[in-house]
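Visitor: So that you have it, the file is input-v2.cif, and it contains mmCIF, C-alpha atoms and all ligand atoms:
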data_structure
loop_
_atom_site.label_atom_id
_atom_site.label_comp_id
_atom_site.auth_asym_id
_atom_site.auth_seq_id
_atom_site.Cartn_x
_atom_site.Cartn_y
_atom_site.Cartn_z
CA MET A 538 -98.76 51.65 10.55
CA ILE A 539 -94.97 52.06 10.64
CA GLY A 540 -92.16 50.45 8.65
CA VAL A 541 -89.98 47.57 9.85
CA GLU A 542 -86.84 49.70 10.37
CA GLU A 543 -88.72 52.36 12.29
CA ALA A 544 -90.35 49.71 14.49
CA LEU A 545 -87.02 48.00 15.16
CA GLY A 546 -85.44 51.38 15.90
CA LYS A 547 -88.10 52.19 18.50
CA ILE A 548 -87.67 48.78 20.12
CA LEU A 549 -83.88 48.93 20.28
CA ASP A 550 -83.95 52.51 21.59
CA SER A 551 -85.77 51.32 24.67
CA ILE A 552 -83.58 48.27 25.27
CA GLU A 553 -80.53 48.53 27.50
CA VAL A 554 -77.49 46.32 27.86
CA LEU A 555 -77.90 44.27 31.04
CA GLU A 556 -75.58 44.22 34.05
CA ARG A 557 -72.58 41.99 34.42
CA GLU A 558 -72.38 38.75 36.37
CA GLU A 559 -69.44 36.64 37.52
CA LYS A 560 -69.52 33.00 36.49
CA PRO A 561 -67.34 29.92 36.06
CA LEU A 562 -65.54 30.09 32.71
CA LEU A 563 -67.35 27.31 30.86
CA ASP A 564 -70.78 28.74 31.73
CA CYS A 565 -69.86 31.90 29.79
CA LEU A 566 -69.91 30.37 26.31
CA GLY A 567 -71.98 32.62 24.01
CA GLN A 568 -71.93 35.58 26.40
CA VAL A 569 -70.13 38.89 26.01
CA LEU A 570 -67.04 39.59 28.12
CA ALA A 571 -67.64 42.50 30.50
CA GLU A 572 -64.00 43.13 31.46
CA ASP A 573 -60.65 43.58 29.73
CA VAL A 574 -58.51 40.54 30.51
CA TYR A 575 -54.76 41.20 30.63
CA ALA A 576 -52.18 38.42 30.81
CA PRO A 577 -50.71 38.21 34.33
CA PHE A 578 -47.78 36.18 32.93
CA ASP A 579 -46.25 35.01 29.67
CA VAL A 580 -48.04 32.23 27.77
CA PRO A 581 -46.25 29.90 27.44
CA PRO A 582 -44.46 30.82 30.66
CA GLN A 583 -40.98 29.87 29.34
CA ASP A 584 -39.18 28.64 26.24
CA ASN A 585 -40.23 25.03 25.73
CA SER A 586 -39.71 22.23 23.28
CA ALA A 587 -42.02 21.85 20.28
CA MET A 588 -40.75 18.30 19.64
CA ASP A 589 -39.59 15.18 21.38
CA GLY A 590 -35.82 15.21 20.82
CA TYR A 591 -32.51 16.52 22.13
CA ALA A 592 -31.85 20.03 23.42
CA VAL A 593 -28.41 21.12 22.24
CA GLN A 594 -26.39 24.16 21.23
CA ALA A 595 -26.70 25.03 17.54
CA LYS A 596 -22.95 25.49 17.35
CA SER A 597 -22.38 21.88 18.53
CA ILE A 598 -24.10 20.47 15.45
CA VAL A 599 -22.86 22.70 12.64
CA GLY A 600 -22.19 20.54 9.57
CA ALA A 601 -23.82 17.39 11.03
CA SER A 602 -25.21 14.97 8.44
CA TYR A 603 -26.55 11.43 8.19
CA GLU A 604 -23.15 10.17 7.05
CA HIS A 605 -21.18 12.33 9.49
CA PRO A 606 -23.25 12.72 12.65
CA LYS A 607 -22.00 14.91 15.48
CA ILE A 608 -21.69 12.79 18.61
CA LEU A 609 -22.80 14.58 21.79
CA ARG A 610 -22.71 13.46 25.42
CA VAL A 611 -26.20 13.00 26.91
CA VAL A 612 -26.23 14.61 30.38
CA GLY A 613 -29.84 13.86 31.34
CA GLU A 614 -33.48 13.86 30.41
CA ILE A 615 -36.39 16.24 31.02
CA ALA A 616 -40.11 15.54 30.67
CA ALA A 617 -42.98 18.04 30.35
CA GLY A 618 -44.01 19.39 33.73
CA CYS A 619 -40.56 18.94 35.31
CA ILE A 620 -38.01 21.57 36.09
CA THR A 621 -34.30 20.85 35.97
CA GLU A 622 -30.94 22.17 37.04
CA LEU A 623 -29.39 20.48 34.00
CA LYS A 624 -27.31 22.71 31.76
CA VAL A 625 -26.40 22.17 28.11
CA GLU A 626 -22.81 22.97 27.20
CA PRO A 627 -20.85 22.69 23.98
CA GLY A 628 -20.69 19.00 23.05
CA THR A 629 -23.55 17.92 25.34
CA ALA A 630 -27.27 17.24 24.92
CA VAL A 631 -30.34 16.80 27.15
CA ARG A 632 -33.05 14.39 26.04
CA ILE A 633 -36.28 16.45 26.07
CA MET A 634 -40.03 15.86 25.62
CA THR A 635 -42.57 18.16 23.93
CA GLY A 636 -43.68 20.93 26.28
CA ALA A 637 -40.73 20.56 28.66
CA PHE A 638 -38.92 23.82 29.45
CA VAL A 639 -35.70 24.13 27.50
CA PRO A 640 -32.70 23.72 29.85
CA LYS A 641 -30.19 26.53 30.27
CA GLY A 642 -27.55 26.73 27.58
CA ALA A 643 -29.59 25.00 24.86
CA ASP A 644 -30.77 27.02 21.88
CA VAL A 645 -32.14 24.33 19.58
CA VAL A 646 -34.07 21.05 19.81
CA VAL A 647 -33.20 18.23 17.39
CA PRO A 648 -36.15 15.87 16.84
CA PHE A 649 -35.59 12.16 17.52
CA GLU A 650 -35.97 11.45 13.79
CA ASP A 651 -32.82 13.45 13.09
CA THR A 652 -30.70 11.48 15.55
CA ASP A 653 -29.36 7.93 15.63
CA GLU A 654 -31.29 7.08 18.81
CA VAL A 655 -33.30 4.21 17.27
CA ASP A 656 -30.17 2.68 15.71
CA ARG A 657 -28.37 2.89 19.03
CA LYS A 658 -31.23 1.11 20.80
CA GLN A 659 -31.31 -1.64 18.15
CA ARG A 660 -27.56 -2.11 18.20
CA SER A 661 -27.36 -1.73 22.00
CA VAL A 662 -24.80 1.01 21.55
CA SER A 663 -24.25 3.32 24.54
CA GLU A 664 -27.12 5.71 25.17
CA ALA A 665 -24.78 7.99 27.08
CA GLU A 666 -24.09 9.53 23.70
CA ILE A 667 -26.26 10.58 20.80
CA GLY A 668 -25.45 11.10 17.12
CA ILE A 669 -27.07 14.22 15.63
CA ARG A 670 -27.64 13.93 11.88
CA VAL A 671 -28.57 17.53 10.97
CA GLY A 672 -27.34 21.02 11.61
CA LEU A 673 -30.15 23.41 12.62
CA PRO A 674 -30.33 27.17 13.03
CA GLU A 675 -30.75 28.61 16.51
CA ALA A 676 -34.31 28.56 17.98
CA SER A 677 -35.37 25.59 15.82
CA ASN A 678 -38.22 23.61 17.44
CA ILE A 679 -38.38 25.93 20.43
CA ARG A 680 -41.60 27.72 21.36
CA ARG A 681 -40.65 31.05 22.86
CA GLY A 682 -41.96 32.08 26.28
CA GLY A 683 -44.73 34.67 25.70
CA GLU A 684 -45.01 33.88 21.98
CA ASP A 685 -48.77 33.29 22.37
CA ILE A 686 -49.53 36.08 24.87
CA ALA A 687 -46.94 38.32 26.45
CA LYS A 688 -47.22 39.30 30.13
CA GLY A 689 -49.28 42.50 30.45
CA GLU A 690 -50.84 42.15 26.99
CA LEU A 691 -54.60 42.67 26.51
CA ALA A 692 -55.54 39.06 25.79
CA VAL A 693 -59.34 39.33 25.39
CA LYS A 694 -61.10 42.69 25.09
CA GLN A 695 -64.26 43.74 26.90
CA GLY A 696 -67.19 43.32 24.49
CA THR A 697 -65.82 40.14 22.90
CA LEU A 698 -68.30 37.34 22.29
CA LEU A 699 -66.95 34.28 24.08
CA CYS A 700 -66.64 31.40 21.61
CA PRO A 701 -64.68 28.16 22.19
CA ALA A 702 -61.33 29.76 21.25
CA GLU A 703 -61.79 32.69 23.67
CA ILE A 704 -62.79 30.24 26.41
CA GLY A 705 -59.52 28.40 25.73
CA VAL A 706 -57.41 31.57 25.81
CA LEU A 707 -58.99 32.61 29.14
CA ALA A 708 -58.26 29.13 30.49
CA SER A 709 -54.62 29.47 29.38
CA LEU A 710 -54.47 32.52 31.66
CA GLY A 711 -55.93 30.58 34.59
CA LYS A 712 -59.12 32.66 34.52
CA ALA A 713 -61.61 30.40 36.31
CA ILE A 714 -64.25 33.08 37.05
CA VAL A 715 -65.21 35.54 34.33
CA SER A 716 -67.27 38.73 34.26
CA VAL A 717 -69.84 38.66 31.44
CA ILE A 718 -73.07 40.47 30.51
CA ARG A 719 -75.86 38.36 31.94
CA ARG A 720 -78.48 36.62 29.84
CA PRO A 721 -81.93 38.26 29.69
CA VAL A 722 -84.92 36.53 31.25
CA VAL A 723 -87.76 36.75 28.72
CA GLY A 724 -91.29 36.21 30.03
CA ILE A 725 -93.59 34.44 27.59
CA LEU A 726 -97.34 34.73 27.97
CA ALA A 727 -99.90 33.16 25.63
CA THR A 728 -103.35 34.72 25.34
CA GLY A 729 -106.65 33.38 24.08
CA ASN A 730 -109.73 31.67 25.46
CA GLU A 731 -109.20 28.87 22.96
CA VAL A 732 -105.61 28.11 23.96
CA LEU A 733 -104.86 25.06 26.12
CA GLU A 734 -101.72 23.94 27.94
CA ILE A 735 -100.08 21.01 26.15
CA ASN A 736 -100.45 18.56 29.03
CA GLN A 737 -104.26 18.98 29.13
CA PRO A 738 -106.70 16.78 27.19
CA LEU A 739 -107.72 18.50 23.95
CA LEU A 740 -111.28 19.85 24.34
CA PRO A 741 -113.81 20.86 21.65
CA GLY A 742 -113.12 24.33 20.29
CA LYS A 743 -109.64 24.45 21.80
CA ILE A 744 -106.11 24.32 20.39
CA TYR A 745 -102.80 23.65 22.05
CA ASN A 746 -100.46 26.46 23.01
CA SER A 747 -97.73 26.04 20.44
CA ASN A 748 -96.63 29.69 20.46
CA SER A 749 -95.17 29.72 23.96
CA TYR A 750 -93.01 26.74 23.07
CA SER A 751 -91.74 27.96 19.70
CA LEU A 752 -91.05 31.38 21.24
CA ALA A 753 -89.31 29.92 24.31
CA ALA A 754 -87.14 27.82 22.00
CA GLN A 755 -86.23 30.94 20.02
CA VAL A 756 -85.33 32.73 23.26
CA LEU A 757 -83.03 29.84 24.15
CA ARG A 758 -81.49 29.71 20.69
CA TYR A 759 -80.52 33.37 20.79
CA GLY A 760 -79.11 33.20 24.29
CA GLY A 761 -81.94 34.29 26.58
CA ILE A 762 -83.63 32.47 29.45
CA PRO A 763 -87.33 31.86 28.80
CA LYS A 764 -89.81 32.08 31.64
CA LEU A 765 -93.15 30.52 30.72
CA LEU A 766 -95.99 32.54 32.24
CA GLY A 767 -98.85 30.29 31.11
CA ILE A 768 -101.99 31.30 29.25
CA ALA A 769 -104.19 34.31 29.97
CA PRO A 770 -107.81 34.43 28.79
CA ASP A 771 -109.06 37.29 26.61
CA ASP A 772 -110.12 39.35 29.59
CA VAL A 773 -108.60 42.67 30.60
CA GLU A 774 -108.54 41.96 34.31
CA GLN A 775 -107.10 38.45 34.13
CA LEU A 776 -104.59 39.44 31.47
CA SER A 777 -103.44 42.35 33.66
CA ILE A 778 -102.84 39.96 36.55
CA ALA A 779 -100.87 37.56 34.32
CA VAL A 780 -98.78 40.42 32.93
CA ARG A 781 -97.87 41.60 36.44
CA HIS A 782 -96.43 38.15 37.15
CA GLY A 783 -94.05 38.71 34.27
CA LEU A 784 -92.76 42.10 35.33
CA ASP A 785 -89.72 40.67 37.09
CA CYS A 786 -88.42 39.65 33.63
CA ASP A 787 -86.15 41.77 31.43
CA MET A 788 -88.64 41.65 28.56
CA LEU A 789 -92.16 40.39 28.18
CA VAL A 790 -93.39 38.69 25.03
CA THR A 791 -97.08 37.92 24.57
CA SER A 792 -98.70 36.13 21.66
CA GLY A 793 -102.20 36.78 20.34
CA GLY A 794 -104.81 39.35 21.20
CA VAL A 795 -103.34 42.26 19.23
CA SER A 796 -105.63 42.27 16.18
CA LEU A 797 -108.90 44.07 15.70
CA GLY A 798 -111.13 41.28 17.03
CA ASP A 799 -113.60 41.79 19.86
CA TYR A 800 -111.38 39.87 22.26
CA ASP A 801 -108.05 41.43 21.36
CA VAL A 802 -107.29 42.99 24.72
CA VAL A 803 -103.49 43.00 24.88
CA LYS A 804 -103.18 46.55 23.59
CA GLN A 805 -105.80 47.74 26.07
CA VAL A 806 -103.87 46.23 28.97
CA LEU A 807 -100.58 47.67 27.72
CA ALA A 808 -102.16 51.12 27.42
CA ALA A 809 -103.59 50.91 30.94
CA GLU A 810 -100.46 49.54 32.64
CA GLY A 811 -97.83 51.32 30.59
CA ASN A 812 -97.66 52.94 27.19
CA VAL A 813 -98.10 51.76 23.61
CA SER A 814 -95.23 52.87 21.40
CA PHE A 815 -96.65 51.48 18.18
CA TRP A 816 -99.22 49.02 16.94
CA THR A 817 -99.18 47.49 13.43
CA VAL A 818 -96.11 47.26 11.24
CA ARG A 819 -95.92 47.30 7.44
CA MET A 820 -94.88 43.66 7.12
CA LYS A 821 -96.31 40.31 6.10
CA PRO A 822 -96.85 38.20 8.03
CA GLY A 823 -97.04 40.08 11.30
CA LYS A 824 -98.96 43.29 10.68
CA PRO A 825 -100.60 43.41 14.11
CA LEU A 826 -97.70 43.87 16.46
CA ALA A 827 -97.72 45.98 19.58
CA PHE A 828 -94.71 47.38 21.37
CA GLY A 829 -94.56 49.41 24.53
CA MET A 830 -93.28 49.59 28.07
CA PHE A 831 -95.07 48.19 31.10
CA LYS A 832 -94.57 50.21 34.28
CA ARG A 833 -93.73 48.34 37.44
CA ASP A 834 -94.78 49.58 40.86
CA ASP A 835 -91.15 50.50 41.62
CA GLY A 836 -91.08 52.69 38.51
CA LYS A 837 -88.97 50.34 36.40
CA LYS A 838 -90.12 49.94 32.81
CA ILE A 839 -90.26 46.53 31.14
CA PRO A 840 -90.32 46.32 27.34
CA HIS A 841 -93.27 44.38 25.99
CA LEU A 842 -93.57 42.88 22.53
CA GLY A 843 -97.15 41.93 21.76
CA LEU A 844 -96.72 39.43 18.95
CA PRO A 845 -99.57 38.24 16.74
CA GLY A 846 -101.23 34.94 17.64
CA ASN A 847 -100.84 33.16 14.34
CA PRO A 848 -98.08 30.63 14.96
CA VAL A 849 -95.97 31.58 11.92
CA SER A 850 -96.46 35.32 12.46
CA SER A 851 -95.36 35.09 16.07
CA MET A 852 -92.17 33.23 15.16
CA ILE A 853 -91.32 35.59 12.30
CA THR A 854 -91.96 38.76 14.28
CA PHE A 855 -89.80 37.25 17.02
CA GLU A 856 -86.96 36.74 14.50
CA VAL A 857 -87.26 40.29 13.20
CA PHE A 858 -87.75 42.17 16.50
CA ALA A 859 -87.17 40.05 19.60
CA ARG A 860 -83.94 38.41 18.40
CA PRO A 861 -82.06 41.72 17.99
CA ALA A 862 -83.55 42.96 21.28
CA ILE A 863 -82.18 39.91 23.11
CA LEU A 864 -78.78 40.33 21.44
CA ARG A 865 -78.69 44.01 22.43
CA MET A 866 -79.48 43.14 26.08
CA MET A 867 -76.63 40.61 26.00
CA GLY A 868 -74.22 43.32 24.90
CA ARG A 869 -73.76 41.96 21.39
CA SER A 870 -72.73 44.53 18.81
CA ASN A 871 -73.76 42.66 15.68
CA LEU A 872 -77.52 42.37 15.93
CA ALA A 873 -78.18 41.10 12.42
CA GLY A 874 -78.20 37.38 11.82
CA PRO A 875 -76.24 35.81 9.01
CA ASN A 876 -77.79 37.31 5.86
CA ILE A 877 -77.06 36.07 2.36
CA THR A 878 -78.10 36.96 -1.16
CA ALA A 879 -79.83 34.15 -3.02
CA MET A 880 -81.55 33.59 -6.34
CA MET A 881 -85.31 32.99 -5.96
CA GLU A 882 -86.53 29.89 -7.72
CA ASP A 883 -90.25 30.62 -7.19
CA PRO A 884 -92.21 33.79 -7.95
CA VAL A 885 -93.37 35.97 -5.05
CA LYS A 886 -96.04 38.65 -5.51
CA ASN A 887 -96.34 41.67 -3.24
CA ASN A 888 -99.66 43.40 -3.75
CA ASP A 889 -100.10 45.65 -0.72
CA GLY A 890 -96.78 47.40 -0.25
CA ARG A 891 -95.72 45.56 2.92
CA ARG A 892 -92.33 43.96 3.49
CA ILE A 893 -92.75 40.23 2.94
CA PHE A 894 -90.80 37.66 4.93
CA ALA A 895 -91.21 34.52 2.85
CA ARG A 896 -90.27 31.15 4.30
CA VAL A 897 -87.61 29.61 2.10
CA VAL A 898 -85.24 26.70 1.89
CA VAL A 899 -81.80 27.95 0.93
CA SER A 900 -79.49 25.52 -0.81
CA ARG A 901 -76.02 25.93 -2.30
CA ARG A 902 -75.05 24.80 -5.77
CA ASP A 903 -71.77 25.63 -7.52
CA GLY A 904 -70.95 28.14 -4.81
CA LYS A 905 -74.22 30.08 -5.31
CA TYR A 906 -77.25 30.27 -3.05
CA PHE A 907 -80.77 29.44 -4.24
CA ALA A 908 -84.03 29.99 -2.35
CA ARG A 909 -87.23 28.00 -2.80
CA LEU A 910 -90.55 28.74 -1.08
CA THR A 911 -91.45 26.10 1.49
CA GLY A 912 -94.98 25.74 0.06
CA PRO A 913 -98.22 27.39 1.19
CA GLN A 914 -97.35 30.57 3.09
CA GLY A 915 -100.47 30.80 5.30
CA SER A 916 -99.55 32.23 8.69
CA GLY A 917 -101.24 29.34 10.48
CA ILE A 918 -99.17 26.69 8.69
CA LEU A 919 -96.51 26.18 11.32
CA THR A 920 -95.00 23.16 9.58
CA SER A 921 -93.87 25.57 6.83
CA MET A 922 -91.40 26.92 9.40
CA THR A 923 -89.96 23.46 9.99
CA LYS A 924 -89.08 23.23 6.31
CA ALA A 925 -87.54 26.72 6.15
CA ASN A 926 -83.95 27.63 6.99
CA GLY A 927 -84.43 31.33 6.38
CA LEU A 928 -86.71 34.21 5.47
CA ALA A 929 -86.48 35.83 2.04
CA VAL A 930 -87.05 39.57 2.43
CA ILE A 931 -89.17 41.13 -0.32
CA PRO A 932 -89.00 44.93 -0.03
CA GLU A 933 -92.19 47.02 0.28
CA SER A 934 -91.61 48.63 -3.11
CA THR A 935 -91.08 45.38 -5.01
CA LYS A 936 -94.34 44.29 -6.66
CA GLU A 937 -93.06 40.94 -7.81
CA VAL A 938 -89.95 38.79 -7.63
CA LYS A 939 -89.73 36.53 -10.65
CA PRO A 940 -87.83 33.24 -10.65
CA GLY A 941 -84.18 34.19 -11.16
CA GLY A 942 -84.53 37.44 -9.18
CA MET A 943 -82.08 38.08 -6.35
CA VAL A 944 -83.33 38.41 -2.77
CA GLU A 945 -81.78 38.92 0.63
CA VAL A 946 -82.35 36.01 3.00
CA MET A 947 -82.20 36.20 6.79
CA MET A 948 -80.85 32.81 7.81
CA PHE A 949 -82.09 31.18 10.98
CA ASP A 950 -78.95 29.13 11.39
CA TRP A 951 -75.93 28.62 9.17
CA ASP A 952 -75.66 24.92 9.87
CA GLU A 953 -78.92 24.34 8.10
CA VAL A 954 -77.82 25.49 4.62
CA GLN A 955 -78.31 22.51 2.38
CA ASP A 956 -75.59 21.51 -0.06
P1 LIG B 1001 -105.15 36.25 17.71
O1 LIG B 1001 -103.98 37.09 17.29
O2 LIG B 1001 -105.31 36.16 19.19
O3 LIG B 1001 -106.40 36.65 17.02
O4 LIG B 1001 -104.80 34.78 17.21
C1 LIG B 1001 -104.64 34.49 15.84
C2 LIG B 1001 -104.66 33.01 15.63
O5 LIG B 1001 -103.59 32.41 16.30
C3 LIG B 1001 -105.92 32.33 16.14
O6 LIG B 1001 -106.29 31.34 15.20
C4 LIG B 1001 -105.47 31.72 17.43
O7 LIG B 1001 -106.22 30.60 17.78
C5 LIG B 1001 -104.04 31.36 17.15
N1 LIG B 1001 -103.26 31.36 18.38
C6 LIG B 1001 -103.26 32.33 19.31
N2 LIG B 1001 -102.46 32.03 20.34
C7 LIG B 1001 -101.93 30.81 20.05
C8 LIG B 1001 -101.03 29.94 20.73
N3 LIG B 1001 -100.50 30.28 21.91
N4 LIG B 1001 -100.69 28.78 20.14
C9 LIG B 1001 -101.22 28.46 18.95
N5 LIG B 1001 -102.06 29.22 18.26
C10 LIG B 1001 -102.44 30.39 18.80
MG MG B 1002 -106.64 35.55 20.47
#
Show how you would write the structure in this file as structure tokens.

Guide:
Amino acid sequence: MIGVEEALGKILDSIEVLEREEKPLLDCLGQVLAEDVYAPFDVPPQDNSAMDGYAVQAKSIVGASYEHPKILRVVGEIAAGCITELKVEPGTAVRIMTGAFVPKGADVVVPFEDTDEVDRKQRSVSEAEIGIRVGLPEASNIRRGGEDIAKGELAVKQGTLLCPAEIGVLASLGKAIVSVIRRPVVGILATGNEVLEINQPLLPGKIYNSNSYSLAAQVLRYGGIPKLLGIAPDDVEQLSIAVRHGLDCDMLVTSGGVSLGDYDVVKQVLAAEGNVSFWTVRMKPGKPLAFGMFKRDDGKKIPHLGLPGNPVSSMITFEVFARPAILRMMGRSNLAGPNITAMMEDPVKNNDGRRIFARVVVSRRDGKYFARLTGPQGSGILTSMTKANGLAVIPESTKEVKPGGMVEVMMFDWDEVQD
């Protein structure tokens, strides 16, 4: 039996970052950029107006005030998206809209609110002139060309996780096709003579295959592509055939058949078709857990996680081992989920020196986190997972956590923290 860190270390050591793929920009959300993206031009491409107003020369409006406006001659108008030959000279102004490129000669934009435009319209006074009611320093209300990204600058670095803001920046550079690390395909195979597909009528002695669905959903949540491989009976030959169907995946996850029971044949198949790296981990739930590499006929090795069959154990061992493996394949550098420190509100006993992953509901009160057990912690009680938003980690050496004790909690998802 090995410890959790050692087990995770062995798994991650045999996992490689996948190849790159080229895809349309929006399809890359949540993937890691596989190229350095430099700006081929300035963003914005030229100086442009930050306001609707009048482009003028700062020196034309020195000393302007509400009582003593400076009257300038309006020589034209420019809207966003247009280009113009218009020039601003001392004593003249060009009416300009937000985003329009600033015409030559102008060095400041005066917002409409600081002019007498509305008064002129109401009084039907000539709009060939405009009264400016403020003096402004040069560059006021002008967004400089290249102020966001300068031409030639490294805009988004290789290895960056593409979130909505990065997607936007790449779009601002006109990057329609992006090179990213591809998502792993994770094969999911259920085992057990008692396990039935969910669209079959429930027969005596049988249960539905919930594991493949919870595991496939976890694969999706962490960015992988699940490939459901069905259910294999507890039979070496048939299990071997089912496993071979999954060897075109990047990783194979099985559930069940790794304990000490008479029908627990997963380890046998793994040993025959590849190698077993370890079997059993000092954790609770999830002690029976096999990891190894299946060998394909072409020599390629496919990592295999043989998760326990109990529905809670399979989900928790997935969180602890398969989630970081998927993230590593996707080129992510931070493999740990969002962890927090919380105060336990229930006691937890640890009587056999394993690391306990207790299902908890984390809530926040007065800026502090509190963790409550979700109720009975039996590894067959799958509904306990629906109530949990994280796993409190009780170290191997801790015999008991009393109410008020501090624990580390691995959160499933930040959004679920309850206020
Ligand atoms: P095993 O590890 O194969 O001994 O399975 C442990 C427990 O998990 C048994 O009660 C199984 O019936 C149950 N189990 C195994 N596979 C699944 C599955 N795919 N869906 C739901 N329960 C399962
Ligand atoms: Mg079984």

Visitor: Residues of range 838-936 of chain A that approach range 566-573 of chain A to 9 Å or less, counting all atoms listed in the file: could you list each one with the shortest pair of atoms and its distance in Å to one decimal, rows by chain and increasing residue number, as a Markdown table?

Guide:
| residue | atom | partner | partner_atom | distance |
| --- | --- | --- | --- | --- |
| A:Met867 | CA | A:Val569 | CA | 6.7 |
| A:Gly868 | CA | A:Val569 | CA | 6.1 |
| A:Arg869 | CA | A:Val569 | CA | 6.6 |

Visitor: By how many Å are CA of Pro875 in chain A and CA of Asp889 in chain A apart?

Guide: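 Straight-line distance from CA of Pro875 in chain A to CA of Asp889 in chain A works out to 27.6 Å.
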
Visitor: Could you give me, as a ChimeraX atom specification, the residues within 12 Å of range 654-658 of chain A, counting all atoms listed in the file and dropping anything in the same chain fewer than 3 positions from it?

Guide: /A:589-591,606,608-609,611,632,647-651,661-670

Visitor: Mind dumping the selected residues with C-alpha atoms as a CSV table (one decimal), keeping the file's coordinate frame?

Guide:
chain,number,residue,atom,x,y,z
A,589,ASP,CA,-39.6,15.2,21.4
A,590,GLY,CA,-35.8,15.2,20.8
A,591,TYR,CA,-32.5,16.5,22.1
A,606,PRO,CA,-23.2,12.7,12.6
A,608,ILE,CA,-21.7,12.8,18.6
A,609,LEU,CA,-22.8,14.6,21.8
A,611,VAL,CA,-26.2,13.0,26.9
A,632,ARG,CA,-33.0,14.4,26.0
A,647,VAL,CA,-33.2,18.2,17.4
A,648,PRO,CA,-36.2,15.9,16.8
A,649,PHE,CA,-35.6,12.2,17.5
A,650,GLU,CA,-36.0,11.4,13.8
A,651,ASP,CA,-32.8,13.4,13.1
A,661,SER,CA,-27.4,-1.7,22.0
A,662,VAL,CA,-24.8,1.0,21.6
A,663,SER,CA,-24.2,3.3,24.5
A,664,GLU,CA,-27.1,5.7,25.2
A,665,ALA,CA,-24.8,8.0,27.1
A,666,GLU,CA,-24.1,9.5,23.7
A,667,ILE,CA,-26.3,10.6,20.8
A,668,GLY,CA,-25.4,11.1,17.1
A,669,ILE,CA,-27.1,14.2,15.6
A,670,ARG,CA,-27.6,13.9,11.9

Visitor: Give me the residues near range 838-848 of chain A as a PDB file with C-alpha atoms, in the frame of the given file, where near means some atom within 6 Å (using only C-alpha atoms) and where sequence neighbours in that chain fewer than 2 positions away do not count.

Guide:
ATOM      1  CA  ASN A 748     -96.630  29.690  20.460  1.00  0.00           C
ATOM      2  CA  MET A 788     -88.640  41.650  28.560  1.00  0.00           C
ATOM      3  CA  LEU A 789     -92.160  40.390  28.180  1.00  0.00           C
ATOM      4  CA  VAL A 790     -93.390  38.690  25.030  1.00  0.00           C
ATOM      5  CA  THR A 791     -97.080  37.920  24.570  1.00  0.00           C
ATOM      6  CA  SER A 792     -98.700  36.130  21.660  1.00  0.00           C
ATOM      7  CA  GLY A 793    -102.200  36.780  20.340  1.00  0.00           C
ATOM      8  CA  PRO A 825    -100.600  43.410  14.110  1.00  0.00           C
ATOM      9  CA  LEU A 826     -97.700  43.870  16.460  1.00  0.00           C
ATOM     10  CA  ALA A 827     -97.720  45.980  19.580  1.00  0.00           C
ATOM     11  CA  PHE A 828     -94.710  47.380  21.370  1.00  0.00           C
ATOM     12  CA  GLY A 829     -94.560  49.410  24.530  1.00  0.00           C
ATOM     13  CA  MET A 830     -93.280  49.590  28.070  1.00  0.00           C
ATOM     14  CA  PHE A 831     -95.070  48.190  31.100  1.00  0.00           C
ATOM     15  CA  LYS A 832     -94.570  50.210  34.280  1.00  0.00           C
ATOM     16  CA  SER A 850     -96.460  35.320  12.460  1.00  0.00           C
ATOM     17  CA  SER A 851     -95.360  35.090  16.070  1.00  0.00           C
ATOM     18  CA  SER A 916     -99.550  32.230   8.690  1.00  0.00           C
ATOM     19  CA  GLY A 917    -101.240  29.340  10.480  1.00  0.00           C
ATOM     20  CA  LEU A 919     -96.510  26.180  11.320  1.00  0.00           C
TER      21      LEU A 919
END

Visitor: State, in Å with one decimal place, the distance from CA of Phe638 in chain A to CA of Pro581 in chain A.

Guide: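 So the two atoms, CA of Phe638 in chain A and CA of Pro581 in chain A, lie 9.7 Å apart.
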
Visitor: Show which residues sit within 10 Å of Leu757 in chain A, as a PyMOL selection string. Count all atoms listed in the file, and ignore same-chain residues fewer than 6 positions away.

Guide: chain A and resi 720+722-723+751+763

Visitor: Residues near Leu623 in chain A, anyone? I mean within 8 Å using only C-alpha atoms, not counting same-chain ones fewer than 2 positions away, as a short mmCIF file (atom, residue, chain, number, x, y, z; two decimals) with C-alpha atoms, keeping the file's coordinate frame.

Guide:
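Below is the file that was written, selection-v2.cif:
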data_model
loop_
_atom_site.label_atom_id
_atom_site.label_comp_id
_atom_site.auth_asym_id
_atom_site.auth_seq_id
_atom_site.Cartn_x
_atom_site.Cartn_y
_atom_site.Cartn_z
CA VAL A 612 -26.23 14.61 30.38
CA GLY A 613 -29.84 13.86 31.34
CA THR A 621 -34.30 20.85 35.97
CA VAL A 625 -26.40 22.17 28.11
CA VAL A 631 -30.34 16.80 27.15
CA PRO A 640 -32.70 23.72 29.85
CA LYS A 641 -30.19 26.53 30.27
#

Visitor: Between A:Asn746, A:Asn585, A:Ser551, A:Asn887, which has the minimum distance to ligand MG 1002 (chain B) (counting all atoms listed in the file)?

Guide: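 The answer is A:Asn746, which sits nearest to ligand MG 1002 (chain B).
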
Visitor: What is the CA of Lys936 in chain A to CA of Glu542 in chain A distance in Å?

Guide: 19.4 Å

Visitor: From the list A:Gly618, A:Gly682, A:Lys688, A:Lys824, which residue is nearest Gln583 in chain A when using all atoms listed in the file?

Guide: A:Gly682
